[in-house]
Amino acid sequence: MVQDITARLLPWAAPGGKPCYLVSDGGLVSRIADSVEAVQLGMAGDLLHHAGGMLADHKGSGGELWFLAARLMESLRDVKRIADSRGARLPQTDDGSDADDGDDGDDEDDGDDEDDGDDEDSAARPWPVRPHNFPRPEIS
């Protein structure tokens, strides 16, 4: 029996920001990618908790909030990459849709039918923002 193996988008980028893919049905690199994804998701949760605390007490300075926003953006990028990777590996049904498309049966249009043009080509975005690209906030 021939098994279709889908290329997996890895949770890290190659030099130059290009996406990395793995064509395999398991193995060491796949397990490392699983571990990196788990760390990234855990860090995203921790960052959300930290952001909630900073925003609740209204004591963060402009520089601190700016730094937090930058970290949240990086985390969102990582989580989106994980979601894209996992979504691409969902099994397809006979009609071409995902086997688990999350359809709850309410025929309401949720606006997800549009092609948002989002691809892994970072040249289409006005940034990729990395920590070393940020100017240091002025400390008064």
# chains A, B, ... in the order shown; residues from 1 in each chain; ligands from 1
>>> residues_around(residues="Asp34 of chain A", least_positions_apart="2", cutoff="12 Å", atoms="only C-alpha atoms", output="list in words")
Arg8, Leu9, Leu10, Pro11, Trp12, Gly26, Gly27, Leu28, Val29, Ser30, Arg31, Ile32, Val36, Glu37, Ala38, Val39, Gln40, Leu41, Ile82, Ser85 and Arg86 of chain A
>>> write_last_selection(atoms="N, CA and C atoms", output="mmCIF file, in the first residue's frame")
data_model
loop_
_atom_site.group_PDB
_atom_site.id
_atom_site.type_symbol
_atom_site.label_atom_id
_atom_site.label_comp_id
_atom_site.auth_asym_id
_atom_site.auth_seq_id
_atom_site.Cartn_x
_atom_site.Cartn_y
_atom_site.Cartn_z
ATOM 1 N N ARG A 8 5.739 18.716 5.340
ATOM 2 C CA ARG A 8 5.406 19.409 6.581
ATOM 3 C C ARG A 8 6.158 20.727 6.653
ATOM 4 N N LEU A 9 5.441 21.800 6.872
ATOM 5 C CA LEU A 9 6.070 23.097 7.106
ATOM 6 C C LEU A 9 6.665 23.056 8.503
ATOM 7 N N LEU A 10 7.956 23.249 8.593
ATOM 8 C CA LEU A 10 8.638 23.176 9.878
ATOM 9 C C LEU A 10 8.500 24.490 10.644
ATOM 10 N N PRO A 11 8.589 24.445 11.976
ATOM 11 C CA PRO A 11 8.367 25.652 12.773
ATOM 12 C C PRO A 11 9.559 26.596 12.830
ATOM 13 N N TRP A 12 10.448 26.505 11.886
ATOM 14 C CA TRP A 12 11.575 27.437 11.795
ATOM 15 C C TRP A 12 11.807 27.746 10.331
ATOM 16 N N GLY A 26 7.796 10.659 9.677
ATOM 17 C CA GLY A 26 8.245 10.587 11.061
ATOM 18 C C GLY A 26 9.757 10.666 11.110
ATOM 19 N N GLY A 27 10.316 10.376 12.250
ATOM 20 C CA GLY A 27 11.760 10.393 12.392
ATOM 21 C C GLY A 27 12.236 11.492 13.311
ATOM 22 N N LEU A 28 13.545 11.623 13.403
ATOM 23 C CA LEU A 28 14.173 12.548 14.333
ATOM 24 C C LEU A 28 13.782 13.997 14.071
ATOM 25 N N VAL A 29 13.868 14.463 12.839
ATOM 26 C CA VAL A 29 13.568 15.871 12.548
ATOM 27 C C VAL A 29 12.100 16.163 12.852
ATOM 28 N N SER A 30 11.233 15.217 12.574
ATOM 29 C CA SER A 30 9.818 15.394 12.883
ATOM 30 C C SER A 30 9.593 15.512 14.389
ATOM 31 N N ARG A 31 10.280 14.715 15.176
ATOM 32 C CA ARG A 31 10.157 14.792 16.632
ATOM 33 C C ARG A 31 10.733 16.105 17.166
ATOM 34 N N ILE A 32 11.827 16.578 16.580
ATOM 35 C CA ILE A 32 12.391 17.871 16.979
ATOM 36 C C ILE A 32 11.394 18.981 16.647
ATOM 37 N N VAL A 36 9.760 21.704 19.180
ATOM 38 C CA VAL A 36 9.853 23.154 18.962
ATOM 39 C C VAL A 36 8.455 23.766 18.955
ATOM 40 N N GLU A 37 7.500 23.101 18.295
ATOM 41 C CA GLU A 37 6.128 23.601 18.280
ATOM 42 C C GLU A 37 5.557 23.659 19.693
ATOM 43 N N ALA A 38 5.810 22.627 20.497
ATOM 44 C CA ALA A 38 5.307 22.605 21.874
ATOM 45 C C ALA A 38 5.889 23.773 22.676
ATOM 46 N N VAL A 39 7.176 24.041 22.498
ATOM 47 C CA VAL A 39 7.813 25.169 23.197
ATOM 48 C C VAL A 39 7.199 26.490 22.725
ATOM 49 N N GLN A 40 7.024 26.648 21.413
ATOM 50 C CA GLN A 40 6.461 27.889 20.877
ATOM 51 C C GLN A 40 5.042 28.115 21.385
ATOM 52 N N LEU A 41 4.218 27.064 21.426
ATOM 53 C CA LEU A 41 2.854 27.204 21.920
ATOM 54 C C LEU A 41 2.838 27.518 23.418
ATOM 55 N N ILE A 82 2.449 27.203 12.848
ATOM 56 C CA ILE A 82 2.060 25.888 13.362
ATOM 57 C C ILE A 82 0.675 25.513 12.839
ATOM 58 N N SER A 85 0.866 24.632 9.186
ATOM 59 C CA SER A 85 1.507 23.332 9.020
ATOM 60 C C SER A 85 0.547 22.202 9.351
ATOM 61 N N ARG A 86 -0.143 22.324 10.470
ATOM 62 C CA ARG A 86 -1.064 21.260 10.884
ATOM 63 C C ARG A 86 -2.280 21.199 9.973
#
>>> select_by_dssp(residues="segment 8-67 of chain A", states="helix (DSSP H, G or I)", output="PyMOL selection string")
chain A and resi 28-57+62-67
>>> write_last_selection(atoms="C-alpha atoms", output="compact mmCIF listing (two decimals), in the first residue's frame")
# COMPACT_ATOMS: atom_id res chain seq x y z
CA LEU A 28 14.17 12.55 14.33
CA VAL A 29 13.57 15.87 12.55
CA SER A 30 9.82 15.39 12.88
CA ARG A 31 10.16 14.79 16.63
CA ILE A 32 12.39 17.87 16.98
CA ALA A 33 9.78 19.92 15.09
CA ASP A 34 7.07 18.61 17.45
CA SER A 35 9.19 19.69 20.43
CA VAL A 36 9.85 23.15 18.96
CA GLU A 37 6.13 23.60 18.28
CA ALA A 38 5.31 22.61 21.87
CA VAL A 39 7.81 25.17 23.20
CA GLN A 40 6.46 27.89 20.88
CA LEU A 41 2.85 27.20 21.92
CA GLY A 42 3.84 27.19 25.60
CA MET A 43 5.69 30.47 25.22
CA ALA A 44 2.65 31.97 23.44
CA GLY A 45 0.48 31.04 26.41
CA ASP A 46 2.97 32.52 28.86
CA LEU A 47 3.18 35.70 26.81
CA LEU A 48 -0.62 36.04 26.72
CA HIS A 49 -0.69 35.66 30.50
CA HIS A 50 2.02 38.32 30.88
CA ALA A 51 0.23 40.67 28.45
CA GLY A 52 -3.01 40.29 30.37
CA GLY A 53 -1.26 41.26 33.59
CA MET A 54 0.47 44.27 32.04
CA LEU A 55 -2.71 45.56 30.46
CA ALA A 56 -4.81 44.97 33.58
CA ASP A 57 -2.65 47.07 35.90
CA GLY A 62 5.18 53.05 26.25
CA GLY A 63 8.48 51.26 25.69
CA GLU A 64 7.37 48.22 27.67
CA LEU A 65 4.06 48.01 25.79
CA TRP A 66 5.84 48.42 22.47
CA PHE A 67 8.24 45.61 23.39
>>> atom_distance(atom1="atom CA of Pro91 of chain A", atom2="atom CA of Thr6 of chain A")
9.8 Å
